[in-house]
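Structure file entry.pdb; described as PDB, C-alpha atoms.
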```
MODEL        1
ATOM      1  CA  MET Z  25      77.613 115.895  45.388
ATOM      2  CA  THR Z  26      77.003 114.127  42.159
ATOM      3  CA  LEU Z  27      78.010 110.554  41.419
ATOM      4  CA  PRO Z  28      80.728 111.554  38.918
ATOM      5  CA  SER Z  29      82.367 113.792  41.538
ATOM      6  CA  LEU Z  30      82.441 110.924  44.051
ATOM      7  CA  LEU Z  31      84.142 108.444  41.710
ATOM      8  CA  PRO Z  32      87.691 109.819  42.213
ATOM      9  CA  LEU Z  33      87.224 109.662  45.985
ATOM     10  CA  ALA Z  34      85.925 106.095  45.831
ATOM     11  CA  GLY Z  35      88.792 105.100  43.561
ATOM     12  CA  ALA Z  36      91.339 106.540  45.984
ATOM     13  CA  ALA Z  37      89.709 104.703  48.891
ATOM     14  CA  ILE Z  38      89.717 101.274  47.265
ATOM     15  CA  ALA Z  39      93.018 101.568  45.389
ATOM     16  CA  PRO Z  40      95.198 100.098  48.193
ATOM     17  CA  VAL Z  41      92.884  97.115  48.679
ATOM     18  CA  LEU Z  42      92.487  96.620  44.954
ATOM     19  CA  GLY Z  43      96.268  96.585  44.535
ATOM     20  CA  LYS Z  44      96.554  93.834  47.148
ATOM     21  CA  VAL Z  45      93.761  91.869  45.496
ATOM     22  CA  ILE Z  46      95.546  92.041  42.138
ATOM     23  CA  ASP Z  47      98.810  90.947  43.777
ATOM     24  CA  GLY Z  48      96.969  88.175  45.610
ATOM     25  CA  VAL Z  49      95.294  86.897  42.462
ATOM     26  CA  THR Z  50      98.660  86.621  40.737
ATOM     27  CA  GLU Z  51      99.869  84.584  43.738
ATOM     28  CA  GLY Z  52      96.791  82.332  43.624
ATOM     29  CA  LEU Z  53      94.863  83.969  46.485
ATOM     30  CA  SER Z  54      91.206  84.844  46.280
ATOM     31  CA  PHE Z  55      89.669  88.245  46.999
ATOM     32  CA  LEU Z  56      88.306  86.917  50.309
ATOM     33  CA  ASP Z  57      91.726  85.580  51.301
ATOM     34  CA  VAL Z  58      93.256  89.032  50.819
ATOM     35  CA  LEU Z  59      90.511  90.751  52.799
ATOM     36  CA  HIS Z  60      90.756  88.184  55.600
ATOM     37  CA  GLU Z  61      94.532  88.640  55.791
ATOM     38  CA  GLN Z  62      94.137  92.436  55.918
ATOM     39  CA  GLU Z  63      91.575  92.180  58.771
ATOM     40  CA  GLN Z  64      93.914  89.942  60.784
ATOM     41  CA  ASN Z  65      96.824  92.352  60.310
ATOM     42  CA  ALA Z  66      94.669  95.280  61.444
ATOM     43  CA  ALA Z  67      93.565  93.381  64.554
ATOM     44  CA  THR Z  68      97.173  92.481  65.411
ATOM     45  CA  ASP Z  69      98.353  96.054  64.890
ATOM     46  CA  SER Z  70      95.792  97.473  67.312
ATOM     47  CA  VAL Z  71      96.721  94.936  70.019
ATOM     48  CA  GLU Z  72     100.419  95.720  69.645
ATOM     49  CA  ALA Z  73      99.754  99.468  69.744
ATOM     50  CA  ALA Z  74      97.753  99.092  72.959
ATOM     51  CA  GLU Z  75     100.671  97.441  74.794
ATOM     52  CA  PRO Z  76     103.117  99.948  76.297
ATOM     53  CA  ASP Z  77     106.688  99.379  75.188
ATOM     54  CA  ALA Z  78     109.592  99.063  77.596
ATOM     55  CA  PHE Z  79     111.241 102.287  76.432
ATOM     56  CA  GLN Z  80     108.182 104.415  77.138
ATOM     57  CA  HIS Z  81     107.727 102.780  80.538
ATOM     58  CA  ASP Z  82     111.394 103.320  81.481
ATOM     59  CA  PHE Z  83     111.309 106.918  80.227
ATOM     60  CA  ILE Z  84     108.272 107.778  82.346
ATOM     61  CA  GLU Z  85     109.649 105.947  85.386
ATOM     62  CA  LEU Z  86     112.978 107.782  85.107
ATOM     63  CA  ALA Z  87     111.305 111.194  84.881
ATOM     64  CA  ASP Z  88     108.994 110.452  87.823
ATOM     65  CA  ARG Z  89     111.761 109.084  90.038
ATOM     66  CA  LEU Z  90     114.064 112.005  89.280
ATOM     67  CA  ARG Z  91     111.367 114.592  89.975
ATOM     68  CA  GLU Z  92     110.508 112.906  93.266
ATOM     69  CA  ARG Z  93     114.130 112.594  94.359
ATOM     70  CA  PHE Z  94     115.052 116.127  93.312
ATOM     71  CA  SER Z  95     111.976 117.490  95.076
ATOM     72  CA  GLN Z  96     113.052 115.742  98.303
ATOM     73  CA  LEU Z  97     116.473 117.377  98.010
ATOM     74  CA  GLY Z  98     115.095 120.831  97.140
ATOM     75  CA  ILE Z  99     116.602 120.872  93.642
ATOM     76  CA  ASP Z 100     114.897 123.499  91.487
ATOM     77  CA  LEU Z 101     113.651 122.307  88.100
ATOM     78  CA  SER Z 102     112.068 125.586  86.984
ATOM     79  CA  THR Z 103     114.891 125.794  84.448
ATOM     80  CA  PRO Z 104     115.094 122.495  82.558
ATOM     81  CA  LEU Z 105     117.997 120.312  83.590
ATOM     82  CA  ARG Z 106     120.029 118.415  80.970
ATOM     83  CA  LEU Z 107     121.637 115.139  81.942
ATOM     84  CA  LYS Z 108     124.066 113.051  79.907
ATOM     85  CA  GLN Z 109     126.549 110.221  80.298
ATOM     86  CA  ASP Z 110     130.202 111.157  80.616
ATOM     87  CA  GLY Z 111     131.632 108.123  78.810
ATOM     88  CA  ARG Z 112     132.696 106.469  82.072
ATOM     89  CA  GLU Z 113     129.240 105.128  82.943
ATOM     90  CA  ARG Z 114     128.430 108.165  85.093
ATOM     91  CA  VAL Z 115     125.490 110.528  84.691
ATOM     92  CA  VAL Z 116     126.466 114.200  84.764
ATOM     93  CA  VAL Z 117     124.786 117.566  84.346
ATOM     94  CA  ASP Z 118     125.273 119.063  80.889
ATOM     95  CA  GLY Z 119     125.950 122.767  81.380
ATOM     96  CA  ASP Z 120     125.822 124.889  84.496
ATOM     97  CA  HIS Z 121     123.408 124.257  87.342
ATOM     98  CA  PRO Z 122     123.663 125.516  90.933
ATOM     99  CA  ASP Z 123     122.970 122.005  92.271
ATOM    100  CA  ARG Z 124     125.264 120.186  89.840
ATOM    101  CA  VAL Z 125     127.353 118.453  92.519
ATOM    102  CA  LEU Z 126     124.255 117.304  94.434
ATOM    103  CA  ILE Z 127     122.542 116.037  91.275
ATOM    104  CA  GLU Z 128     125.577 114.056  90.179
ATOM    105  CA  SER Z 129     125.970 112.609  93.688
ATOM    106  CA  VAL Z 130     122.375 111.293  93.494
ATOM    107  CA  PHE Z 131     123.379 109.147  90.522
ATOM    108  CA  ARG Z 132     126.669 108.030  92.114
ATOM    109  CA  ALA Z 133     124.773 106.888  95.216
ATOM    110  CA  ASP Z 134     121.924 105.139  93.371
ATOM    111  CA  GLU Z 135     123.124 102.431  90.985
ATOM    112  CA  GLU Z 136     119.541 101.424  90.100
ATOM    113  CA  LEU Z 137     118.726 104.981  88.993
ATOM    114  CA  THR Z 138     121.946 105.137  86.957
ATOM    115  CA  ASN Z 139     121.071 101.810  85.299
ATOM    116  CA  LEU Z 140     117.592 103.111  84.457
ATOM    117  CA  PHE Z 141     119.130 106.237  82.898
ATOM    118  CA  THR Z 142     121.517 104.040  80.888
ATOM    119  CA  ALA Z 143     118.640 101.832  79.692
ATOM    120  CA  VAL Z 144     116.688 104.872  78.473
ATOM    121  CA  ALA Z 145     119.785 106.312  76.786
ATOM    122  CA  ASP Z 146     120.615 103.004  75.092
ATOM    123  CA  SER Z 147     117.032 102.508  73.879
ATOM    124  CA  ALA Z 148     116.806 106.053  72.529
ATOM    125  CA  ALA Z 149     120.168 105.809  70.791
ATOM    126  CA  GLY Z 150     119.229 102.394  69.380
ATOM    127  CA  SER Z 151     115.971 103.638  67.907
ATOM    128  CA  ARG Z 152     117.790 106.653  66.503
ATOM    129  CA  ARG Z 153     120.262 104.314  64.729
ATOM    130  CA  GLU Z 154     117.378 102.189  63.397
ATOM    131  CA  THR Z 155     115.798 105.218  61.759
ATOM    132  CA  GLY Z 156     119.082 106.007  60.029
ATOM    133  CA  SER Z 157     119.191 109.590  61.233
ATOM    134  CA  GLY Z 158     122.784 110.094  60.163
ATOM    135  CA  ILE Z 159     125.425 111.713  62.364
ATOM    136  CA  THR Z 160     125.752 110.215  65.835
ATOM    137  CA  LYS Z 161     125.093 112.753  68.566
ATOM    138  CA  GLU Z 162     125.140 112.486  72.344
ATOM    139  CA  PHE Z 163     121.999 111.578  74.255
ATOM    140  CA  ARG Z 164     120.539 114.204  76.633
ATOM    141  CA  PHE Z 165     117.688 113.670  79.069
ATOM    142  CA  VAL Z 166     115.991 117.033  79.628
ATOM    143  CA  LEU Z 167     113.888 117.291  82.790
ATOM    144  CA  GLY Z 168     111.617 120.185  83.657
ATOM    145  CA  PRO Z 169     109.029 120.651  86.407
ATOM    146  CA  THR Z 170     106.217 119.033  84.399
ATOM    147  CA  ASP Z 171     107.792 117.525  81.298
ATOM    148  CA  ALA Z 172     110.745 115.495  80.122
ATOM    149  CA  LEU Z 173     112.209 114.942  76.704
ATOM    150  CA  ILE Z 174     115.152 113.498  74.861
ATOM    151  CA  GLU Z 175     117.636 115.481  72.835
ATOM    152  CA  PHE Z 176     120.613 114.506  70.779
ATOM    153  CA  ALA Z 177     123.236 117.245  70.749
TER     154      ALA Z 177
ENDMDL
END
```
Output the file's structure in the form of structure tokens.
Amino acid sequence: MTLPSLLPLAGAAIAPVLGKVIDGVTEGLSFLDVLHEQEQNAATDSVEAAEPDAFQHDFIELADRLRERFSQLGIDLSTPLRLKQDGRERVVVDGDHPDRVLIESVFRADEELTNLFTAVADSAAGSRRETGSGITKEFRFVLGPTDALIEFA
């Protein structure tokens, strides 16, 4: 590659930093101050990204506990199971499932598991509202034999 062909690439690479330097100079900051501030922000971002958030932890714990409990009871998860709240603080099966009554009784008998489900649902719905996704839909926790996911239907 020739030097003239590299100039647009170099310009694109330094444009964000250069923009901050220009803004910083107008605010009375030096070039080194801007670079130092950018390095500190990058270091903080990587530390925050390395820490697991409560939602992710609760989501994984809920999926693991449900799989373990359902396995003990012989509940088949080969077809993904959809769980939702019924509006009266109970967790119910969304749709048909041969073990629907047994699954719902697990939640009625285990208040801690129901509270964990509620925490995951509240966190997911809260983050959905923060992103401004528009129409409010009901939370669904979908559990399969090896994966779990969240749906809003």
What separation in Å, quoted to one decimal, exists between CA of Glu128 in chain Z and CA of Phe79 in chain Z?
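Separating CA of Glu128 in chain Z from CA of Phe79 in chain Z is a distance of 23.1 Å.
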Selection in question (the file shown): the PyMOL selection byres ((chain Z and resi 176) around 8). Which residues does it include, as an mmCIF file with C-alpha atoms, in the frame of the given file?
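Saved file expr_26.cif follows:
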```
data_model
loop_
_atom_site.group_PDB
_atom_site.id
_atom_site.type_symbol
_atom_site.label_atom_id
_atom_site.label_comp_id
_atom_site.auth_asym_id
_atom_site.auth_seq_id
_atom_site.Cartn_x
_atom_site.Cartn_y
_atom_site.Cartn_z
ATOM 1 C CA LYS Z 161 125.093 112.753 68.566
ATOM 2 C CA GLU Z 162 125.140 112.486 72.344
ATOM 3 C CA PHE Z 163 121.999 111.578 74.255
ATOM 4 C CA ARG Z 164 120.539 114.204 76.633
ATOM 5 C CA ILE Z 174 115.152 113.498 74.861
ATOM 6 C CA GLU Z 175 117.636 115.481 72.835
ATOM 7 C CA ALA Z 177 123.236 117.245 70.749
#
```
To one decimal place, how far is CA of Arg106 in chain Z from CA of Leu167 in chain Z in Å?
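For CA of Arg106 in chain Z relative to CA of Leu167 in chain Z, the distance reads 6.5 Å.
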Counting all atoms listed in the file, the residue among Z:Thr142, Z:Ser102, Z:Gln96, Z:Ser147 that lies closest to Val130 in chain Z is Z:Gln96
Any chance you could resolve the PyMOL selection byres ((chain Z and resi 113-126) around 9) against this file and give the residues as a PyMOL selection string?
chain Z and resi 97+99-100+105-112+127-132+138+141-142+164
CA of Ala149 in chain Z to CA of Asp171 in chain Z: how many Å, to one decimal?
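Separating CA of Ala149 in chain Z from CA of Asp171 in chain Z is a distance of 20.0 Å.
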Using all atoms listed in the file, which residue out of Z:Phe165, Z:Ser151, Z:Ala143, Z:Leu173 lies closest to Asp82 in chain Z?
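For Asp82 in chain Z, the nearest of the given residues is Z:Ala143.
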